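All remarks here apply to the structure that follows.
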Amino acid sequence: MRMSQLFSKTLREAPNGADCKGYEYLLRAGFIQQNAAGIFSLLPLGFRSVKKIEAIVRQEMEGIGAQEILMPVVNPGDIWKETGRFYSIDREMTRFKDRKDSDMCLAMTHEECCTDLGRSVIDSYKRLPLLVFQIQTKWRDDPRPRAGLIRVREFTMKDSYSFDRDQEGLEKVYKAHYDAYFRIYKRCGLPVVAVGSDSGMMGGKVSHEYMYLSPIGEDTIITCPDCGYTANRQVARFKKTYNAEAPKEKSLVETPNCKTIEELCAFLKIDASKTAKALFMVGTYINDKTGDEEDKLIVGLVRGDMEIEENKLQNAARCNGMRPAHPEEIEAAGIVPGFGSPIGCKAGTVVIVDDSVANSNNLVAGANKEGYHYLNTNYGTDYSGTVADIASAQDGYVCPECGGKLRSSKGVEVGNIFQLGTRYSESMGCYFQDENGQRKPVIMGSYGIGIGRLLACLCEEYNDEKGLKLPVQVAPYQVHFISLIKDTEAAEKIYKELEDAGIEVLYDDRKETAGVKFADADLIGIPVRITLGNRSFAEGKCEVKLRDSDQVMAYDLSDITGEIKALLAKLAK
RNA sequence: CGGGCAGUAGCGCAGGGGCUAGCGCGUCUGGUUCGGGACCAGAAAGUCGGAGGUUCAAAUCCUCUCUGCCCGACCA
C-alpha cells in the first residue's frame, strides 16, 4: 500500500478526549475515527489489524470444531419475548417497530436467535453436540461509552454457542473454549487472566471472564497471590470472622447526630465490627411474561467494618435492576435514614442479611427513630431476612481458599464464557430425544470475545512515547518501507519485489522529509522498517530496523525479500 | 439518569458586547532544502453547534436545545 493513497492521515496532536495512550495513538495513527459517542469507523489500518485478530479467532474456533454462521443484527421481538429478555433488559437494548407494527430489536447478543436456529436443527441426540460461532456486529446502547474502543455502543464480537445433550458435554466444550481463548490471546500477544465472574443477565451458573489487567480497566479483580484464587469483585468471596458471644436483649440508646458508622463508633467508643450497617436500594422486579414492573425496597445489611457489594446484593434480592433509594421511599417502609435498620420495617421489604451480620451477635443497629440506635441486636430475634454473602472483597482481606492476603487490581474484560444450562432451551423449546425416546432440553453454553476491545487493549499494552508497536501478528502491515533516495524507480522496484514476495508492505512514497516519514512510521508502529538511504543504497544495501529496538541492521538489496521473510518468520515466533 | 466541563478553519487552541474573528500545526502554489516532525514567499479555508431573546450593536449577555468529554449511577 502506498501511503500517498491511504484513506487516513496521521495527526500530530491528540484529538480532545483521548484519555488513554492506546486510544490516543489509534486516533493519531489513523486506525479509527469516531462518528458519535461509542460509535467508530475502522479506517484501513485499523480494519487490517481487526481482520488479523479475527483470522486468529476464526482459526482457533474452527480448531475446536465450531462452524461459522452469521445471524442477523435485527431480531424479531418475539423470540426475545419467549425468554423474557424483551422486557427484562433495560434501555440498553434498542427496540423499534417495523412497518407492520411488529416489535423488533437490535440484538445485543444472540442466545435467542441461535436457540431459535438450534431448535429447528436439533431433534435427536444423534445431532449433538453442535457448536457454532459468528463474528458480527452488536449494538448495546450503553449509557456511558468511554475510553475509545474499550467501552463502545456498536462493536464486533465473536460469539459462539454450544448445544449438548448433557452437562458432561457442556463441560467439555466449555473447557475447549477456556483453552482456545488463552491460545487466542497468546497469539495476539495480550496477557490475560481468567477469573470467576458473575453471569449477570445471561443466566446460568459457571462462567469465566478473561481480564486484561490494566489501570484503565473498569472491573476490579480480586486475586490471591498465594493460591491463585481469582474472581471478579462482583462475586469474589473472602473469609469472614465472627464474634460468637451469647446473645443479649436489645436496648435503646440515644445517639444524637450519629448518622454514619464512623460517627456512631466514635460516639459509643466501639469498633465498626460491632455494628450493622444498612444500605437501601430500590429493586425493580419485572414479570417475564407480561413485562409488568414492580418496585420494592431492598435493605442490605452488612457488618459495619465491611462494604456492600451491590452486585451480590442484587443477585441475592433476585431483582432485575437496582438503584439507590430516595429518602421518601425509605421512610415509606417505616425506616428512618441515618438511623435505619430492618428492625420493624414494613412487610414487603426485601431484607438481605450478610452472613457476617447473621453470625455475629449483639450488634449496634439503627432504631428507626431519629437520634437512636439499638444495642445488642440479633438476627432471627429482632428481625428476619434472607442470609447471603453480600459483602465486598477488599484489598488485604483473607483468601477464602487458603487464608492468604487478597489483592485487588483493575482489569478490562476481553472475553467471557458461560455455561448457560437450559435457561434458553427450556424457555424457547429447544429439545431433543435421547436413546430412550425421552424429550430433554438441550444444554447450552455461550462464549464471547470483543474484537475491537481486544485491539484497544493490545494498543494499551504495546506503545511507547512515539506511538504504537503492535506485534507482527496483529499489526496492519508487516513492513514499513521508507525511501529517502532520489531514484524513485529503484525504490518502486524494491517495493514491487517485496509485494510480489507476498510481504505486506506500507510504502511511504509521499513527498515528505525524512523526519516526517520516520515520525509517522513510529506512530503507526509497523514492526519492521526498511529505510532506503543514499549511503547504504550506493553500497547495494538498505537499513532494517525493528520498531521495538534501536538496533539498525544493513541488509543486502540483492536478496532483500528472502532476508525480510526470514526476519518475519523469526518475529512471528 | 445525577454532577462537572466543553463546542470558534481539517486538528489543537486564543478572543468573552463595538469596526475586517485570530494564533500554532496541517492544506494549496512557487522556490530553496533533502537521514528524525525543514526554510522563504504567497494563498485558500470559519453558518463562532442550533433556535429564540436582550441590545443601536452578540462569537461575547440571557433562555431553551443538540452534541461531545470527564466523574458517578449503569455495563450481556
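In the C-alpha cells, the first chain shown is A, the next is B, and so on; residue numbers restart at 1 for each chain, and ligands run from 1 in the order shown.
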Contact set, chain A to chain B: 6 Å, only C-alpha atoms (C1' of nucleotides), as a VMD selection string: chain A and resid 17 514 to 516
Exercise: C62 (chain B) partners within 12 Å, only C-alpha atoms (C1' of nucleotides), chain neighbours under 3 positions left out, as an MDAnalysis selection string: chainID B and resid 52:55 58
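Look at G31 (chain B): the protein and nucleic acid residues within 12 Å of it, using only C-alpha atoms (C1' of nucleotides) and passing over chain neighbours fewer than 5 places away, are C39, C40, A41 and G42 of chain B.
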Counting only C-alpha atoms, the option among A:Cys105, A:Val353, A:Leu268, A:Met1 closest to Val505 (chain A): A:Met1
Contacts of region 306-313 of chain A at 12 Å (only C-alpha atoms (C1' of nucleotides); same-chain gap of 6+ positions) as a PyMOL selection string: (chain A and resi 197-201+220+232-238+240-241+261+271-283+298-300+319-324+350-357+386-395+397) or (chain B and resi 73-75)
List the spatial neighbours of Leu406 (chain A) as a short mmCIF file (atom, residue, chain, number, x, y, z; two decimals) with N, CA and C atoms, in the first residue's frame - criterion: any atom at most 9 Å away, only C-alpha atoms (C1' of nucleotides), same-chain residues fewer than 2 positions off excluded.
data_model
loop_
_atom_site.label_atom_id
_atom_site.label_comp_id
_atom_site.auth_asym_id
_atom_site.auth_seq_id
_atom_site.Cartn_x
_atom_site.Cartn_y
_atom_site.Cartn_z
N ILE A 222 -10.16 -9.55 42.15
CA ILE A 222 -9.59 -9.94 43.42
C ILE A 222 -8.76 -11.20 43.19
N THR A 223 -7.50 -11.16 43.58
CA THR A 223 -6.65 -12.34 43.40
C THR A 223 -5.93 -12.66 44.69
N CYS A 224 -5.60 -13.94 44.84
CA CYS A 224 -4.77 -14.36 45.97
C CYS A 224 -3.42 -14.77 45.42
N PRO A 225 -2.37 -14.03 45.74
CA PRO A 225 -1.05 -14.36 45.21
C PRO A 225 -0.55 -15.72 45.70
N ASP A 226 -1.09 -16.18 46.83
CA ASP A 226 -0.59 -17.44 47.40
C ASP A 226 -1.15 -18.67 46.70
N TYR A 229 -6.31 -18.00 43.73
CA TYR A 229 -7.75 -17.70 43.68
C TYR A 229 -7.96 -16.38 42.96
N PHE A 238 -14.56 -14.05 50.40
CA PHE A 238 -13.42 -13.91 51.30
C PHE A 238 -13.81 -14.48 52.64
N ALA A 393 -15.37 -7.87 48.68
CA ALA A 393 -14.00 -8.27 48.98
C ALA A 393 -13.07 -7.08 48.73
N GLN A 394 -12.21 -6.79 49.68
CA GLN A 394 -11.32 -5.65 49.56
C GLN A 394 -9.87 -6.11 49.60
N ASP A 395 -9.00 -5.22 49.11
CA ASP A 395 -7.57 -5.47 49.17
C ASP A 395 -7.17 -5.75 50.61
N GLY A 396 -6.44 -6.83 50.83
CA GLY A 396 -5.98 -7.14 52.17
C GLY A 396 -6.87 -8.11 52.94
N TYR A 397 -8.06 -8.38 52.42
CA TYR A 397 -8.94 -9.34 53.08
C TYR A 397 -8.35 -10.75 52.97
N VAL A 398 -8.99 -11.69 53.68
CA VAL A 398 -8.44 -13.03 53.77
C VAL A 398 -9.01 -13.93 52.67
N CYS A 399 -8.11 -14.64 52.00
CA CYS A 399 -8.49 -15.54 50.90
C CYS A 399 -9.40 -16.64 51.41
N GLY A 403 -6.45 -18.71 52.99
CA GLY A 403 -6.16 -17.85 54.13
C GLY A 403 -5.12 -16.79 53.84
N GLY A 404 -4.64 -16.73 52.60
CA GLY A 404 -3.65 -15.70 52.22
C GLY A 404 -4.30 -14.33 52.14
N SER A 408 -6.30 -6.60 45.10
CA SER A 408 -7.25 -6.18 44.09
C SER A 408 -6.53 -5.43 42.99
#
Which residues are near Val132 (chain A)? Cut-off 7 Å, only C-alpha atoms (C1' of nucleotides), ignore same chain within fewer than 2 positions. Put them as a compact mmCIF listing (two decimals) with C-alpha atoms, in the first residue's frame.
# COMPACT_ATOMS: atom_id res chain seq x y z
CA ALA A 66 -17.03 -24.62 15.67
CA GLN A 67 -18.86 -23.85 12.42
CA GLU A 68 -19.10 -20.26 11.32
CA ILE A 69 -22.53 -18.79 10.74
CA LEU A 130 -23.14 -28.87 17.97
CA SER A 160 -20.17 -18.92 19.90
CA TYR A 161 -22.98 -21.13 21.13
CA SER A 162 -22.79 -24.78 22.11
Alpha helix (DSSP H) residues, from DSSP on the backbone, in region 27-148 of chain A, as a ChimeraX atom specification: /A:27-28,44-63,77-83,85-88,111-121
File of the preceding selection, C-alpha atoms, as a PDB file, in the first residue's frame:
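Okay, this is what ended up in selection_33.pdb:
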ATOM      1  CA  LEU A  27      -6.697   8.083  16.580  1.00  0.00           C
ATOM      2  CA  ARG A  28      -3.419   9.773  15.756  1.00  0.00           C
ATOM      3  CA  PRO A  44      -7.792   0.833   6.543  1.00  0.00           C
ATOM      4  CA  LEU A  45      -5.025   0.393   9.125  1.00  0.00           C
ATOM      5  CA  GLY A  46      -7.405  -0.398  11.973  1.00  0.00           C
ATOM      6  CA  PHE A  47      -9.507  -2.666   9.813  1.00  0.00           C
ATOM      7  CA  ARG A  48      -6.458  -4.650   8.746  1.00  0.00           C
ATOM      8  CA  SER A  49      -5.495  -5.226  12.378  1.00  0.00           C
ATOM      9  CA  VAL A  50      -9.040  -6.238  13.215  1.00  0.00           C
ATOM     10  CA  LYS A  51      -9.098  -8.681  10.323  1.00  0.00           C
ATOM     11  CA  LYS A  52      -5.886 -10.247  11.588  1.00  0.00           C
ATOM     12  CA  ILE A  53      -7.342 -10.668  15.055  1.00  0.00           C
ATOM     13  CA  GLU A  54     -10.478 -12.139  13.503  1.00  0.00           C
ATOM     14  CA  ALA A  55      -8.410 -14.583  11.490  1.00  0.00           C
ATOM     15  CA  ILE A  56      -6.729 -15.842  14.647  1.00  0.00           C
ATOM     16  CA  VAL A  57     -10.069 -16.124  16.412  1.00  0.00           C
ATOM     17  CA  ARG A  58     -11.609 -17.913  13.433  1.00  0.00           C
ATOM     18  CA  GLN A  59      -8.765 -20.389  13.255  1.00  0.00           C
ATOM     19  CA  GLU A  60      -8.948 -21.246  16.920  1.00  0.00           C
ATOM     20  CA  MET A  61     -12.714 -21.556  16.877  1.00  0.00           C
ATOM     21  CA  GLU A  62     -12.617 -23.841  13.889  1.00  0.00           C
ATOM     22  CA  GLY A  63      -9.877 -25.694  15.707  1.00  0.00           C
ATOM     23  CA  GLY A  77     -39.069  -9.168  19.222  1.00  0.00           C
ATOM     24  CA  ASP A  78     -40.995 -12.423  19.511  1.00  0.00           C
ATOM     25  CA  ILE A  79     -38.014 -14.660  20.247  1.00  0.00           C
ATOM     26  CA  TRP A  80     -36.860 -12.227  22.926  1.00  0.00           C
ATOM     27  CA  LYS A  81     -40.322 -12.358  24.449  1.00  0.00           C
ATOM     28  CA  GLU A  82     -40.008 -16.130  24.670  1.00  0.00           C
ATOM     29  CA  THR A  83     -37.059 -15.845  27.035  1.00  0.00           C
ATOM     30  CA  ARG A  85     -35.486 -10.660  27.951  1.00  0.00           C
ATOM     31  CA  PHE A  86     -37.534  -8.425  25.659  1.00  0.00           C
ATOM     32  CA  TYR A  87     -38.921  -6.972  28.879  1.00  0.00           C
ATOM     33  CA  SER A  88     -36.253  -7.648  31.466  1.00  0.00           C
ATOM     34  CA  GLU A 111     -28.735 -16.573  22.547  1.00  0.00           C
ATOM     35  CA  GLU A 112     -32.324 -16.141  21.416  1.00  0.00           C
ATOM     36  CA  CYS A 113     -31.532 -16.139  17.738  1.00  0.00           C
ATOM     37  CA  CYS A 114     -29.180 -19.086  17.998  1.00  0.00           C
ATOM     38  CA  THR A 115     -31.555 -21.115  20.144  1.00  0.00           C
ATOM     39  CA  ASP A 116     -34.213 -20.398  17.553  1.00  0.00           C
ATOM     40  CA  LEU A 117     -31.887 -21.852  14.908  1.00  0.00           C
ATOM     41  CA  GLY A 118     -30.939 -24.739  17.168  1.00  0.00           C
ATOM     42  CA  ARG A 119     -34.483 -25.864  17.833  1.00  0.00           C
ATOM     43  CA  SER A 120     -35.164 -26.242  14.138  1.00  0.00           C
ATOM     44  CA  VAL A 121     -31.999 -28.262  13.534  1.00  0.00           C
TER      45      VAL A 121
END
Residue list (strand (DSSP E), DSSP) for region 417-459 of chain A, as a VMD selection string: chain A and resid 417 to 421 431 to 433 439 to 441 443 to 450
Separation of CA of Ser384 (chain A) from CA of Ala347 (chain A) in Å: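 It comes out at 10.9 Å.
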Distance in Å - CA of Gly344 (chain A) versus CA of Ala244 (chain A): 24.2 Å
Gap from CA of Leu43 (chain A) to CA of Arg2 (chain A) - Å, one decimal: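 A separation of 14.8 Å between them.
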